[in-house]
Each structure stands twice: as structure tokens, then as C-alpha cells.
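K.L.:
Dropping in query.cif, which is mmCIF, C-alpha atoms:
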data_input
loop_
_atom_site.label_atom_id
_atom_site.label_comp_id
_atom_site.auth_asym_id
_atom_site.auth_seq_id
_atom_site.Cartn_x
_atom_site.Cartn_y
_atom_site.Cartn_z
CA MET X 1 -147.19 137.02 0.93
CA ALA X 2 -147.95 138.25 4.43
CA ILE X 3 -145.38 135.89 5.92
CA GLY X 4 -142.65 137.36 3.70
CA ILE X 5 -143.53 140.92 4.72
CA GLU X 6 -143.64 139.97 8.40
CA LEU X 7 -140.27 138.24 8.10
CA MET X 8 -138.77 141.25 6.34
CA ALA X 9 -140.16 143.62 9.00
CA GLN X 10 -138.73 141.40 11.76
CA ASN X 11 -135.32 141.36 10.07
CA VAL X 12 -135.33 145.15 9.78
CA ALA X 13 -136.35 145.48 13.43
CA ASN X 14 -133.57 143.13 14.55
CA PHE X 15 -131.01 145.01 12.45
CA LEU X 16 -132.03 148.38 13.88
CA ALA X 17 -132.09 147.03 17.44
CA GLY X 18 -128.54 145.75 16.97
CA ILE X 19 -127.11 148.87 15.38
CA ALA X 20 -128.86 151.55 17.49
CA PRO X 21 -126.42 151.40 20.45
CA VAL X 22 -123.47 151.68 18.07
CA ILE X 23 -125.00 154.70 16.33
CA SER X 24 -125.70 156.27 19.72
CA LEU X 25 -122.11 155.86 20.84
CA ILE X 26 -120.73 157.18 17.55
CA LEU X 27 -122.94 160.28 17.72
CA ILE X 28 -121.93 161.05 21.31
CA ILE X 29 -118.20 160.60 20.62
CA LEU X 30 -118.26 162.61 17.38
CA GLY X 31 -120.29 165.32 19.11
CA GLY X 32 -117.62 165.58 21.81
CA ILE X 33 -114.82 165.74 19.27
CA MET X 34 -116.68 168.34 17.25
CA TYR X 35 -117.31 170.43 20.37
CA GLY X 36 -113.60 170.33 21.15
CA ILE X 37 -112.72 171.38 17.62
CA ALA X 38 -115.27 174.21 17.87
CA GLN X 39 -113.22 175.76 20.67
CA THR X 40 -110.35 176.33 18.24
CA GLN X 41 -112.51 178.18 15.70
CA PRO X 42 -113.02 181.95 15.45
CA ALA X 43 -115.98 183.36 17.37
CA ASP X 44 -118.16 183.89 14.30
CA VAL X 45 -117.94 180.19 13.33
CA ARG X 46 -117.78 178.65 16.81
CA GLY X 47 -121.52 178.91 17.47
CA LYS X 48 -122.43 176.87 14.40
CA TRP X 49 -119.93 174.16 15.30
CA GLN X 50 -121.11 174.06 18.91
CA THR X 51 -124.75 173.87 17.85
CA ALA X 52 -124.01 170.95 15.54
CA ALA X 53 -121.97 169.20 18.24
CA ILE X 54 -124.63 169.55 20.92
CA SER X 55 -127.25 168.35 18.44
CA MET X 56 -125.16 165.23 17.79
CA VAL X 57 -124.79 164.53 21.52
CA VAL X 58 -128.50 165.02 22.19
CA GLY X 59 -129.38 162.85 19.19
CA GLY X 60 -127.07 160.13 20.49
CA VAL X 61 -128.69 160.25 23.92
CA ILE X 62 -132.18 160.07 22.40
CA VAL X 63 -131.26 157.14 20.15
CA GLY X 64 -129.70 155.37 23.15
CA ALA X 65 -132.79 155.96 25.28
CA ILE X 66 -135.14 154.68 22.59
CA ALA X 67 -132.92 151.64 21.96
CA GLY X 68 -132.76 150.91 25.67
CA ALA X 69 -136.51 151.19 26.12
CA ALA X 70 -137.46 149.43 22.88
CA GLY X 71 -138.62 146.27 24.63
CA LEU X 72 -140.84 148.20 27.03
CA ILE X 73 -142.21 150.34 24.20
CA GLN X 74 -143.02 147.21 22.20
CA GLN X 75 -144.71 145.53 25.16
CA GLN X 76 -146.83 148.57 25.96
CA SER X 77 -147.83 149.14 22.35
CA THR X 78 -149.05 145.56 21.90
CA THR X 79 -151.34 145.77 24.95
CA LEU X 80 -152.44 149.38 24.45
CA LEU X 81 -155.50 148.76 22.30
CA LYS X 82 -156.57 145.38 23.70
CA PRO X 83 -159.93 145.45 25.46
CA SER X 84 -159.84 144.95 29.23
#
Let me see the file written as C-alpha cells.
P.N.:
Amino acid sequence: MAIGIELMAQNVANFLAGIAPVISLILIILGGIMYGIAQTQPADVRGKWQTAAISMVVGGVIVGAIAGAAGLIQQQSTTLLKPS
């Protein structure tokens, strides 16, 4: 049973590692488009659109940073609790 769970967890990890850069790029591009569209909106609506757009861009950058550093994070977490 444990082997099946480990295999499933590895498959999920591989899937997320493969799709994270794509999600990051999509968020950054859509955030830029949304920010551009926000400039055409009336002033009372523009702030909400800009906030959502900047949130998408920042989320994309964070996802990209985590995806880029995933190997280092994994390596550090496996040696973190080992005795010296």
C-alpha cells in the first residue's frame, strides 16, 4: 500500500513541477493584459481591476520562483532534520 501512495505522490509532484512554469507565464501575461484593460475603465472601477492584475502578476512571479527553486527546497528539506 505504501508503494502505491509513494508512486501517486511522485506522479503528482512531477505533474506540478511540469505545469508550474506554464501557470506562472499565464498569470503574468493575463495580469499584464488585465492591467492594460484597467486603464480603459472609469476611475471608480479601475482600482479593482488594477489590484486584481497586480495580484496576478505577483502570483505568477511567486509561482515561478517556487518552481525554479523546487530542487533546492527539496534538497534542503531532506537534510534539515538529519542529525549531524
K.L.:
Given the PyMOL selection byres ((chain X and resi 43-53) around 12) and the file above, list the residues it selects as an NGL selection string.
P.N.:
:X and (27-42 or 54-60)
K.L.:
May I have the selected residues written with C-alpha atoms, as a compact mmCIF listing (two decimals), keeping the file's coordinate frame?
P.N.:
# COMPACT_ATOMS: atom_id res chain seq x y z
CA LEU X 27 -122.94 160.28 17.72
CA ILE X 28 -121.93 161.05 21.31
CA ILE X 29 -118.20 160.60 20.62
CA LEU X 30 -118.26 162.61 17.38
CA GLY X 31 -120.29 165.32 19.11
CA GLY X 32 -117.62 165.58 21.81
CA ILE X 33 -114.82 165.74 19.27
CA MET X 34 -116.68 168.34 17.25
CA TYR X 35 -117.31 170.43 20.37
CA GLY X 36 -113.60 170.33 21.15
CA ILE X 37 -112.72 171.38 17.62
CA ALA X 38 -115.27 174.21 17.87
CA GLN X 39 -113.22 175.76 20.67
CA THR X 40 -110.35 176.33 18.24
CA GLN X 41 -112.51 178.18 15.70
CA PRO X 42 -113.02 181.95 15.45
CA ILE X 54 -124.63 169.55 20.92
CA SER X 55 -127.25 168.35 18.44
CA MET X 56 -125.16 165.23 17.79
CA VAL X 57 -124.79 164.53 21.52
CA VAL X 58 -128.50 165.02 22.19
CA GLY X 59 -129.38 162.85 19.19
CA GLY X 60 -127.07 160.13 20.49
K.L.:
Evaluate the PyMOL selection byres ((chain X and resi 63) around 8) and record the selected residues as an MDAnalysis selection string, following the chain and residue labels used in the document.
P.N.:
chainID X and resid 20:21 23:24 59:62 64:67
K.L.:
Extract, using only C-alpha atoms, all DNA, RNA and protein residues at most 12 Å from range 10-15 of chain X, discarding same-chain residues fewer than 5 positions from it, and format them as a PyMOL selection string.
P.N.:
chain X and resi 3-5+20-22+67+70-71+74
K.L.:
As an exercise, work out the distance from CA of Gln76 in chain X to CA of Ala17 in chain X in Å and give it to one decimal place.
P.N.:
17.1 Å
K.L.:
Using CA of Ala9 in chain X and CA of Ile26 in chain X as the two end points, give the distance in Å to one decimal.
P.N.:
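For CA of Ala9 in chain X relative to CA of Ile26 in chain X, the distance reads 25.2 Å.
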